[in-house]
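Enquirer: Structure: protein10.cif, mmCIF, C-alpha atoms.
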data_query
#
loop_
_atom_site.label_atom_id
_atom_site.label_comp_id
_atom_site.auth_asym_id
_atom_site.auth_seq_id
_atom_site.Cartn_x
_atom_site.Cartn_y
_atom_site.Cartn_z
CA MET V 1 -5.69 19.37 5.15
CA LYS V 2 -2.56 18.09 3.44
CA ALA V 3 -2.87 14.78 1.60
CA ARG V 4 -0.27 13.10 3.80
CA GLU V 5 -2.31 13.98 6.91
CA ASN V 6 -5.69 12.88 5.57
CA PRO V 7 -6.91 9.92 7.67
CA PHE V 8 -8.61 8.43 4.63
CA ARG V 9 -5.50 8.39 2.41
CA SER V 10 -4.89 5.18 0.49
CA GLU V 11 -2.16 3.77 2.72
CA CYS V 12 -4.37 4.01 5.81
CA VAL V 13 -7.41 2.48 4.16
CA GLU V 14 -5.34 -0.35 2.66
CA ALA V 15 -3.74 -1.05 6.05
CA LEU V 16 -7.10 -1.88 7.64
CA PRO V 17 -7.27 -5.60 8.33
CA TYR V 18 -10.21 -7.49 6.86
CA ARG V 19 -13.13 -8.07 9.16
CA ALA V 20 -16.75 -9.14 8.79
CA THR V 21 -19.48 -10.68 10.84
CA GLY V 22 -19.05 -14.44 10.94
CA PHE V 23 -15.58 -14.39 9.41
CA HIS V 24 -12.97 -16.78 10.81
CA TRP V 25 -9.73 -17.90 9.19
CA LYS V 26 -10.18 -21.48 10.33
CA THR V 27 -13.60 -21.71 8.72
CA LEU V 28 -12.15 -20.35 5.50
CA GLU V 29 -9.27 -22.82 5.53
CA ASP V 30 -11.66 -25.69 6.26
CA ARG V 31 -13.89 -24.70 3.38
CA LEU V 32 -10.93 -24.51 1.03
CA ALA V 33 -9.73 -27.95 2.09
CA ALA V 34 -13.24 -29.36 1.63
CA ALA V 35 -13.36 -27.83 -1.85
CA GLY V 36 -10.17 -29.62 -2.88
CA GLY V 37 -7.91 -26.60 -2.50
CA ARG V 38 -9.76 -24.44 -5.03
CA GLY V 39 -12.25 -21.76 -4.16
CA ALA V 40 -13.56 -18.23 -4.67
CA ILE V 41 -14.09 -15.15 -2.55
CA VAL V 42 -17.20 -13.52 -3.96
CA GLY V 43 -18.64 -10.04 -3.62
CA PRO V 44 -19.32 -6.70 -5.29
CA GLN V 45 -16.69 -4.00 -5.73
CA GLY V 46 -15.45 -2.31 -2.58
CA HIS V 47 -16.62 -5.06 -0.25
CA GLY V 48 -13.17 -6.31 0.84
CA LYS V 49 -12.40 -9.19 -1.52
CA THR V 50 -8.92 -7.97 -2.43
CA THR V 51 -8.09 -7.10 1.19
CA LEU V 52 -9.07 -10.60 2.28
CA LEU V 53 -7.17 -12.22 -0.58
CA LEU V 54 -3.97 -10.29 0.16
CA GLU V 55 -4.14 -11.16 3.85
CA TRP V 56 -4.62 -14.82 2.97
CA LYS V 57 -1.61 -14.73 0.69
CA GLU V 58 0.47 -13.16 3.48
CA ARG V 59 -0.40 -16.09 5.71
CA CYS V 60 1.14 -18.52 3.22
CA GLU V 61 4.77 -19.45 2.68
CA PRO V 62 6.08 -16.56 0.53
CA THR V 63 8.41 -18.68 -1.61
CA HIS V 64 5.54 -20.87 -2.76
CA SER V 65 2.69 -18.39 -3.05
CA LEU V 66 1.93 -16.12 -5.96
CA GLY V 67 -0.44 -13.17 -6.09
CA ILE V 68 -1.77 -11.89 -9.39
CA LYS V 69 -3.94 -8.82 -9.77
CA LEU V 70 -5.56 -8.73 -13.18
CA ALA V 71 -5.76 -5.38 -14.91
CA GLU V 72 -9.07 -3.89 -15.99
CA GLY V 73 -10.14 -5.70 -19.14
CA GLN V 74 -7.35 -8.30 -19.00
CA LEU V 75 -8.77 -11.29 -20.86
CA SER V 76 -5.92 -13.72 -20.25
CA LEU V 77 -2.70 -14.07 -18.27
CA THR V 78 0.46 -12.57 -19.69
CA ARG V 79 3.30 -14.85 -20.76
CA GLU V 80 5.21 -14.02 -17.57
CA GLN V 81 2.17 -14.66 -15.38
CA LYS V 82 1.60 -18.05 -17.00
CA HIS V 83 5.19 -19.00 -16.31
CA GLU V 84 4.88 -17.96 -12.66
CA VAL V 85 1.58 -19.81 -12.22
CA LYS V 86 3.16 -23.05 -13.44
CA THR V 87 5.90 -22.89 -10.83
CA ARG V 88 3.97 -22.06 -7.63
CA ASN V 89 1.96 -24.13 -5.18
CA CYS V 90 -0.40 -21.46 -3.88
CA ILE V 91 -1.99 -19.05 -6.33
CA PHE V 92 -4.11 -16.04 -5.39
CA LEU V 93 -5.84 -14.48 -8.39
CA ASP V 94 -7.57 -11.13 -7.91
CA GLY V 95 -10.28 -10.18 -10.40
CA ALA V 96 -10.91 -13.52 -12.10
CA GLU V 97 -14.09 -12.17 -13.69
CA GLN V 98 -11.86 -10.17 -16.05
CA LEU V 99 -10.72 -13.32 -17.86
CA ALA V 100 -12.46 -14.46 -21.03
CA TRP V 101 -13.63 -18.10 -20.99
CA TRP V 102 -10.54 -19.20 -22.92
CA GLY V 103 -8.34 -17.12 -20.59
CA TRP V 104 -9.97 -18.81 -17.60
CA ARG V 105 -9.51 -22.29 -19.12
CA ASN V 106 -5.88 -21.45 -19.83
CA PHE V 107 -5.37 -20.28 -16.24
CA LEU V 108 -6.80 -23.56 -14.93
CA TRP V 109 -4.48 -25.52 -17.23
CA CYS V 110 -1.39 -23.58 -16.17
CA SER V 111 -2.28 -23.95 -12.47
CA ARG V 112 -3.26 -27.63 -12.60
CA ASN V 113 -0.36 -28.66 -10.35
CA ALA V 114 -0.99 -25.99 -7.71
CA ARG V 115 -1.94 -27.20 -4.24
CA ARG V 116 -4.35 -24.33 -3.64
CA ILE V 117 -6.00 -21.72 -5.82
CA VAL V 118 -8.01 -18.85 -4.39
CA ILE V 119 -9.65 -16.26 -6.63
CA THR V 120 -11.81 -13.19 -6.16
CA THR V 121 -14.75 -12.61 -8.43
CA HIS V 122 -17.91 -10.54 -8.52
CA ARG V 123 -20.20 -13.47 -9.23
CA PRO V 124 -20.18 -17.09 -8.05
CA GLY V 125 -19.64 -19.93 -10.48
CA LEU V 126 -16.00 -20.14 -11.51
CA LEU V 127 -14.89 -22.08 -8.41
CA PRO V 128 -16.72 -23.19 -5.26
CA THR V 129 -17.66 -20.18 -3.16
CA LEU V 130 -15.65 -20.03 0.07
CA PHE V 131 -16.89 -16.73 1.41
CA VAL V 132 -19.22 -13.93 0.32
CA CYS V 133 -17.89 -10.50 1.30
CA ARG V 134 -20.55 -8.20 2.68
CA THR V 135 -20.53 -4.79 4.31
CA ASP V 136 -23.00 -2.91 6.49
CA PRO V 137 -23.32 0.58 8.00
CA HIS V 138 -22.00 -0.64 11.34
CA LEU V 139 -18.80 -1.92 9.72
CA LEU V 140 -18.32 1.37 7.87
CA ASN V 141 -18.73 3.30 11.13
CA GLU V 142 -16.26 1.02 12.89
CA LEU V 143 -13.63 1.52 10.18
CA VAL V 144 -14.20 5.27 10.00
CA ALA V 145 -13.80 5.56 13.76
CA GLU V 146 -10.60 3.52 13.60
CA LEU V 147 -9.12 5.73 10.90
CA SER V 148 -10.19 9.12 12.15
CA GLY V 149 -10.57 8.52 15.86
CA GLU V 150 -13.54 10.82 16.12
CA LEU V 151 -15.57 10.95 12.94
CA MET V 152 -18.86 9.18 12.43
CA ALA V 153 -19.98 8.25 8.96
CA SER V 154 -23.24 9.73 7.80
CA PRO V 155 -26.12 7.24 8.12
CA THR V 156 -26.72 7.59 4.38
CA LEU V 157 -23.10 7.25 3.26
CA TRP V 158 -23.09 3.44 3.15
CA ALA V 159 -26.40 3.30 1.29
CA SER V 160 -25.49 6.03 -1.17
CA HIS V 161 -22.52 3.95 -2.34
CA HIS V 162 -24.48 0.66 -2.26
CA GLY V 163 -22.13 -0.75 0.37
CA ASN V 164 -18.97 0.02 -1.63
CA LEU V 165 -16.60 1.05 1.17
CA ARG V 166 -13.85 2.12 -1.23
CA LEU V 167 -16.14 4.80 -2.69
CA ALA V 168 -17.34 5.78 0.78
CA PHE V 169 -13.73 6.30 1.93
CA ARG V 170 -13.01 8.41 -1.13
CA GLU V 171 -15.95 10.66 -0.32
CA LEU V 172 -14.72 10.93 3.26
CA TYR V 173 -11.24 11.78 1.96
CA ASP V 174 -12.69 14.71 0.02
CA THR V 175 -14.68 15.83 3.05
CA CYS V 176 -11.63 15.67 5.29
CA SER V 177 -9.38 17.46 2.83
CA ASP V 178 -11.25 20.64 3.70
CA SER V 179 -11.10 20.11 7.44
CA GLN V 180 -8.54 19.78 10.20
CA TYR V 181 -9.04 16.30 11.63
CA LYS V 182 -5.95 14.62 13.02
CA THR V 183 -5.06 11.19 11.77
CA ARG V 184 -5.01 7.96 13.72
CA CYS V 185 -3.75 5.97 10.80
CA PRO V 186 -2.88 2.47 12.01
CA ILE V 187 0.42 2.29 10.18
CA ARG V 188 3.85 3.11 11.35
CA ASN V 189 4.97 5.69 8.80
CA MET Q 1 13.28 -4.94 16.99
CA ASN Q 2 15.38 -2.39 18.86
CA ALA Q 3 16.74 0.04 16.27
CA THR Q 4 16.99 3.77 15.75
CA LEU Q 5 17.77 5.98 12.80
CA THR Q 6 18.79 9.56 13.46
CA THR Q 7 19.80 12.35 11.13
CA GLU Q 8 21.63 15.58 11.80
CA ARG Q 9 18.54 17.48 10.64
CA LYS Q 10 15.27 16.94 8.79
CA ASN Q 11 15.39 19.63 6.11
CA TYR Q 12 17.72 19.57 3.11
CA ARG Q 13 18.32 21.37 -0.14
CA PRO Q 14 19.19 19.43 -3.32
CA GLY Q 15 22.90 18.60 -3.37
CA GLU Q 16 23.37 18.79 0.38
CA ASP Q 17 24.73 15.85 2.36
CA ILE Q 18 22.24 13.82 4.37
CA ARG Q 19 24.20 12.36 7.26
CA GLY Q 20 23.02 10.21 10.09
CA THR Q 21 23.55 7.25 12.32
CA VAL Q 22 21.76 3.95 12.67
CA THR Q 23 21.92 1.83 15.81
CA TRP Q 24 20.46 -1.59 16.40
CA SER Q 25 20.47 -4.27 19.04
CA LEU Q 26 19.25 -7.71 18.04
CA PRO Q 27 19.38 -11.10 19.73
CA HIS Q 28 21.07 -12.56 16.64
CA LEU Q 29 23.10 -11.55 13.60
CA PRO Q 30 20.98 -9.84 10.94
CA GLY Q 31 21.02 -11.36 7.48
CA SER Q 32 21.70 -7.93 6.05
CA ALA Q 33 21.56 -4.30 7.10
CA ALA Q 34 21.08 -1.28 4.89
CA VAL Q 35 19.76 2.26 4.79
CA ARG Q 36 17.74 3.34 1.78
CA LEU Q 37 16.79 6.81 0.60
CA PHE Q 38 13.34 6.83 -0.94
CA TRP Q 39 10.31 8.91 -1.78
CA GLN Q 40 6.67 7.94 -1.80
CA THR Q 41 3.35 9.56 -2.51
CA ARG Q 42 0.48 9.70 -0.05
CA GLY Q 43 -3.08 10.72 -0.62
CA LYS Q 44 -6.05 9.66 -2.68
CA GLY Q 45 -5.86 6.84 -5.18
CA ASP Q 46 -2.88 4.81 -6.32
CA ARG Q 47 0.42 5.25 -4.55
CA ASP Q 48 3.84 5.64 -6.11
CA ALA Q 49 7.27 5.16 -4.62
CA ALA Q 50 10.91 4.85 -5.62
CA THR Q 51 14.14 3.93 -3.92
CA VAL Q 52 16.80 6.40 -4.99
CA GLU Q 53 19.88 5.00 -3.27
CA VAL Q 54 20.80 2.17 -0.94
CA GLN Q 55 23.78 2.02 1.40
CA SER Q 56 24.48 -1.52 2.62
CA PHE Q 57 26.57 -2.30 5.68
CA ALA Q 58 29.11 -5.09 5.34
CA LEU Q 59 29.27 -7.79 8.01
CA PRO Q 60 26.55 -6.41 10.29
CA GLN Q 61 26.78 -7.45 13.93
CA ALA Q 62 23.94 -8.11 16.38
CA GLN Q 63 24.59 -4.87 18.28
CA GLU Q 64 26.09 -2.07 16.31
CA SER Q 65 26.09 1.59 15.33
CA ARG Q 66 26.95 2.77 11.82
CA ASP Q 67 27.11 6.14 10.08
CA PHE Q 68 25.62 6.76 6.66
CA SER Q 69 25.66 9.55 4.13
CA PHE Q 70 23.66 10.37 1.01
CA ARG Q 71 23.58 13.32 -1.34
CA ALA Q 72 20.14 14.94 -1.49
CA PRO Q 73 18.84 14.43 -5.04
CA ASP Q 74 17.91 17.31 -7.32
CA PHE Q 75 14.29 16.16 -7.63
CA PRO Q 76 11.46 15.52 -6.89
CA TYR Q 77 10.78 18.08 -4.18
CA SER Q 78 8.80 17.41 -1.02
CA PHE Q 79 5.33 18.85 -1.52
CA SER Q 80 1.77 18.60 -0.28
CA GLY Q 81 -1.58 19.36 -1.83
CA LYS Q 82 -5.08 18.18 -1.10
CA LEU Q 83 -4.89 15.19 -3.42
CA ILE Q 84 -1.30 14.08 -3.08
CA SER Q 85 1.83 14.58 -0.99
CA LEU Q 86 5.36 13.55 -1.92
CA VAL Q 87 7.33 12.47 1.12
CA TRP Q 88 11.05 11.71 1.30
CA GLY Q 89 12.31 9.22 3.81
CA LEU Q 90 15.21 7.17 5.12
CA GLU Q 91 14.67 3.57 6.10
CA LEU Q 92 16.90 1.25 8.07
CA VAL Q 93 16.19 -2.28 6.86
CA LEU Q 94 17.36 -5.16 9.03
CA ASP Q 95 16.62 -8.44 7.32
CA PRO Q 96 14.61 -10.33 8.48
CA ASP Q 97 13.74 -8.38 11.61
CA GLY Q 98 12.06 -5.30 10.18
CA SER Q 99 12.68 -1.67 9.42
CA GLN Q 100 12.73 1.79 10.93
CA THR Q 101 11.76 4.89 8.95
CA VAL Q 102 12.16 8.64 9.39
CA GLU Q 103 10.82 11.36 7.12
CA ILE Q 104 12.90 14.19 5.75
CA ILE Q 105 12.21 17.17 3.50
CA ILE Q 106 14.09 17.99 0.30
CA SER Q 107 13.29 21.22 -1.49
CA PRO Q 108 15.05 24.35 -2.73
CA ASP Q 109 14.49 26.22 0.53
CA GLY Q 110 14.41 23.18 2.78
CA ALA Q 111 10.69 23.54 3.50
CA GLU Q 112 7.85 21.42 2.20
CA ILE Q 113 6.16 23.05 -0.79
CA VAL Q 114 2.47 23.51 -0.05
CA LEU Q 115 0.32 23.62 -3.15
CA PRO Q 116 -2.56 26.11 -3.32
CA SER Q 117 -5.75 24.64 -1.91
CA ASP Q 118 -8.40 26.72 -3.64
CA GLY Q 119 -8.06 24.74 -6.85
CA THR Q 120 -8.95 27.76 -8.91
CA ALA Q 121 -5.54 29.04 -9.94
CA SER Q 122 -3.93 27.54 -13.01
CA LEU Q 123 -0.72 25.63 -12.55
CA ALA Q 124 1.23 28.35 -14.28
CA ASP Q 125 -0.36 31.06 -12.13
CA SER Q 126 0.25 29.15 -8.95
CA LYS Q 127 3.87 28.62 -9.89
CA LYS Q 128 4.35 32.32 -10.51
CA GLN Q 129 2.61 33.31 -7.28
CA LYS Q 130 3.90 30.66 -4.91
CA PHE Q 131 7.14 29.46 -6.44
CA PRO Q 132 8.87 32.28 -8.29
CA TRP Q 133 12.05 30.18 -8.53
CA MET Q 134 10.28 27.76 -10.90
CA SER Q 135 10.46 28.37 -14.61
CA VAL Q 136 7.01 28.55 -16.16
CA LYS Q 137 6.66 27.89 -19.88
#
Could you write out this file's structure as structure tokens?
Expert:
Amino acid sequence: MKARENPFRSECVEALPYRATGFHWKTLEDRLAAAGGRGAIVGPQGHGKTTLLLEWKERCEPTHSLGIKLAEGQLSLTREQKHEVKTRNCIFLDGAEQLAWWGWRNFLWCSRNARRIVITTHRPGLLPTLFVCRTDPHLLNELVAELSGELMASPTLWASHHGNLRLAFRELYDTCSDSQYKTRCPIRN
Amino acid sequence: MNATLTTERKNYRPGEDIRGTVTWSLPHLPGSAAVRLFWQTRGKGDRDAATVEVQSFALPQAQESRDFSFRAPDFPYSFSGKLISLVWGLELVLDPDGSQTVEIIISPDGAEIVLPSDGTASLADSKKQKFPWMSVK
């Protein structure tokens, strides 16, 4: 199968909207308001934190919101990122656990005038926890069926990747690259 | 959004003219209207993309049809392997209403280059066997 036809290619996986048992936008917004406009989305890798954060950012006024994805091992914001943080009302920081303690303190200082700050992190503690991202085999099966239209994930796939759906999708990509499944990618292109 | 983008054909060689027509019908005047020629990668892992050329339409009306023309770039070629595909496309962008995209192919013979799937041949070998027009150092 050609890469552009693989139902588990990046663009299809990234286009899947966030979903989880017990998840509601209103509840999330209420929790953020109760936490004074600052909170964290918590969870292990591949459990949907970034997907949820990006969707939340899209729901905000684009001229006032800022999304920052920290690079692997980035201990502090860059000069340009600090400047942007100081000028925006809504800040969405992906991968806050990357920051060193002084990088985190500096981020809080730069964003002190922001109306809302939402971060993702692997462990709770930096800001009040708004939502803990979790996955389960049923969710994986639902997403696989949505992408492929006919495939069922192996019962052991979710467990073998410890619930990391990103890794599970990559394994499915490799499996599909040798087969002839037709895509039902939920994106227009 | 009611809009269409049509091209004379889908397959081009580098240097050839890519001609087409865009038509749209909106309930209001668009803020801007343009067609862009771009490529993007699809497959496993990070994606890459680039806009090669943009043709903007002056004073766009709510209902209109316009012609556009690009010159097919010399590179990169449209190709597909197991891990990655490179796809060329044309996109009509009507701000703020949305966009309409069609895919095209740009390569020396006008057909998508399909990379060997066995993964055993070296790049140089595969070039010699599959793409004799490529220079192999």
Enquirer: Would you give me, as a PDB file with C-alpha atoms, in the frame of the given file, the residues of chain V that come within 12 Å of chain Q, using all atoms listed in the file?
Expert:
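Written out: iface33.pdb:
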ATOM      1  CA  MET V   1      -5.690  19.370   5.150  1.00  0.00           C
ATOM      2  CA  LYS V   2      -2.560  18.090   3.440  1.00  0.00           C
ATOM      3  CA  ALA V   3      -2.870  14.780   1.600  1.00  0.00           C
ATOM      4  CA  ARG V   4      -0.270  13.100   3.800  1.00  0.00           C
ATOM      5  CA  GLU V   5      -2.310  13.980   6.910  1.00  0.00           C
ATOM      6  CA  ASN V   6      -5.690  12.880   5.570  1.00  0.00           C
ATOM      7  CA  PRO V   7      -6.910   9.920   7.670  1.00  0.00           C
ATOM      8  CA  PHE V   8      -8.610   8.430   4.630  1.00  0.00           C
ATOM      9  CA  ARG V   9      -5.500   8.390   2.410  1.00  0.00           C
ATOM     10  CA  SER V  10      -4.890   5.180   0.490  1.00  0.00           C
ATOM     11  CA  GLU V  11      -2.160   3.770   2.720  1.00  0.00           C
ATOM     12  CA  CYS V  12      -4.370   4.010   5.810  1.00  0.00           C
ATOM     13  CA  VAL V  13      -7.410   2.480   4.160  1.00  0.00           C
ATOM     14  CA  GLU V  14      -5.340  -0.350   2.660  1.00  0.00           C
ATOM     15  CA  ARG V 166     -13.850   2.120  -1.230  1.00  0.00           C
ATOM     16  CA  LEU V 167     -16.140   4.800  -2.690  1.00  0.00           C
ATOM     17  CA  PHE V 169     -13.730   6.300   1.930  1.00  0.00           C
ATOM     18  CA  ARG V 170     -13.010   8.410  -1.130  1.00  0.00           C
ATOM     19  CA  GLU V 171     -15.950  10.660  -0.320  1.00  0.00           C
ATOM     20  CA  LEU V 172     -14.720  10.930   3.260  1.00  0.00           C
ATOM     21  CA  TYR V 173     -11.240  11.780   1.960  1.00  0.00           C
ATOM     22  CA  ASP V 174     -12.690  14.710   0.020  1.00  0.00           C
ATOM     23  CA  THR V 175     -14.680  15.830   3.050  1.00  0.00           C
ATOM     24  CA  CYS V 176     -11.630  15.670   5.290  1.00  0.00           C
ATOM     25  CA  SER V 177      -9.380  17.460   2.830  1.00  0.00           C
ATOM     26  CA  ASP V 178     -11.250  20.640   3.700  1.00  0.00           C
ATOM     27  CA  SER V 179     -11.100  20.110   7.440  1.00  0.00           C
ATOM     28  CA  GLN V 180      -8.540  19.780  10.200  1.00  0.00           C
ATOM     29  CA  ILE V 187       0.420   2.290  10.180  1.00  0.00           C
ATOM     30  CA  ARG V 188       3.850   3.110  11.350  1.00  0.00           C
ATOM     31  CA  ASN V 189       4.970   5.690   8.800  1.00  0.00           C
TER      32      ASN V 189
END
Enquirer: Hey, can you check how far CA of Leu157 in chain V sits from CA of Thr51 in chain V?
Expert: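 According to the coordinates, CA of Leu157 in chain V and CA of Thr51 in chain V are separated by 20.9 Å.
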Enquirer: Hey, can you check how far CA of Ser69 in chain Q sits from CA of Gln55 in chain Q?
Expert: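 Calculated distance between CA of Ser69 in chain Q and CA of Gln55 in chain Q is 8.2 Å.
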Enquirer: For the structure provided, state which residues fall under the PyMOL selection byres ((chain V and resi 93) around 7), and present them as a PyMOL selection string.
Expert: chain V and resi 67-69+91-92+94-96+118-120
Enquirer: So which residues touch range 104-108 of chain Q within 6 Å, counting only C-alpha atoms, skipping near sequence neighbours fewer than 4 positions away, as a PyMOL selection string?
Expert: chain Q and resi 10-13+77-78+88-89
Enquirer: Any chance you could resolve the PyMOL selection byres ((chain V and resi 97-110) around 6) against this file and give the residues as JSON, numbers by chain?
Expert: {"V": [73, 74, 75, 76, 86, 95, 96, 111, 112, 121]}
Enquirer: Tell me which residues the PyMOL selection byres ((chain Q and resi 14) around 6) grabs here, as a list in words.
Expert: Arg13, Gly15, Glu16, Ala72, Pro73 and Asp74 of chain Q
Enquirer: Pick the closest to Gly39 in chain V from V:Ala168, V:Leu147, V:Cys90, V:Cys60: which is it, counting only C-alpha atoms?
Expert: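 Closest to Gly39 in chain V, using only C-alpha atoms: V:Cys90.
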Enquirer: In Å, with one decimal, what is the gap from CA of Asp48 in chain Q to CA of Trp56 in chain V?
Expert: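 It comes out at 23.9 Å.
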Enquirer: Which of these, V:Pro17, V:Pro62, V:Pro128, V:Gly22, has the shortest distance to Val42 in chain V once you count only C-alpha atoms?
Expert: V:Pro128
Enquirer: Do you know which residues are at most 8 Å from Ala153 in chain V counting only C-alpha atoms, after dropping those on the same chain fewer than 2 positions away, and could you put them as JSON, numbers by chain?
Expert: {"V": [140, 141, 144, 151, 155, 157]}
Enquirer: I'd like to know which of Q:Thr7, Q:Ser65, Q:Gly110, Q:Pro60 is closest to Ser32 in chain Q, using all atoms listed in the file.
Expert: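 The shortest atom-to-atom distance to Ser32 in chain Q comes from Q:Pro60.
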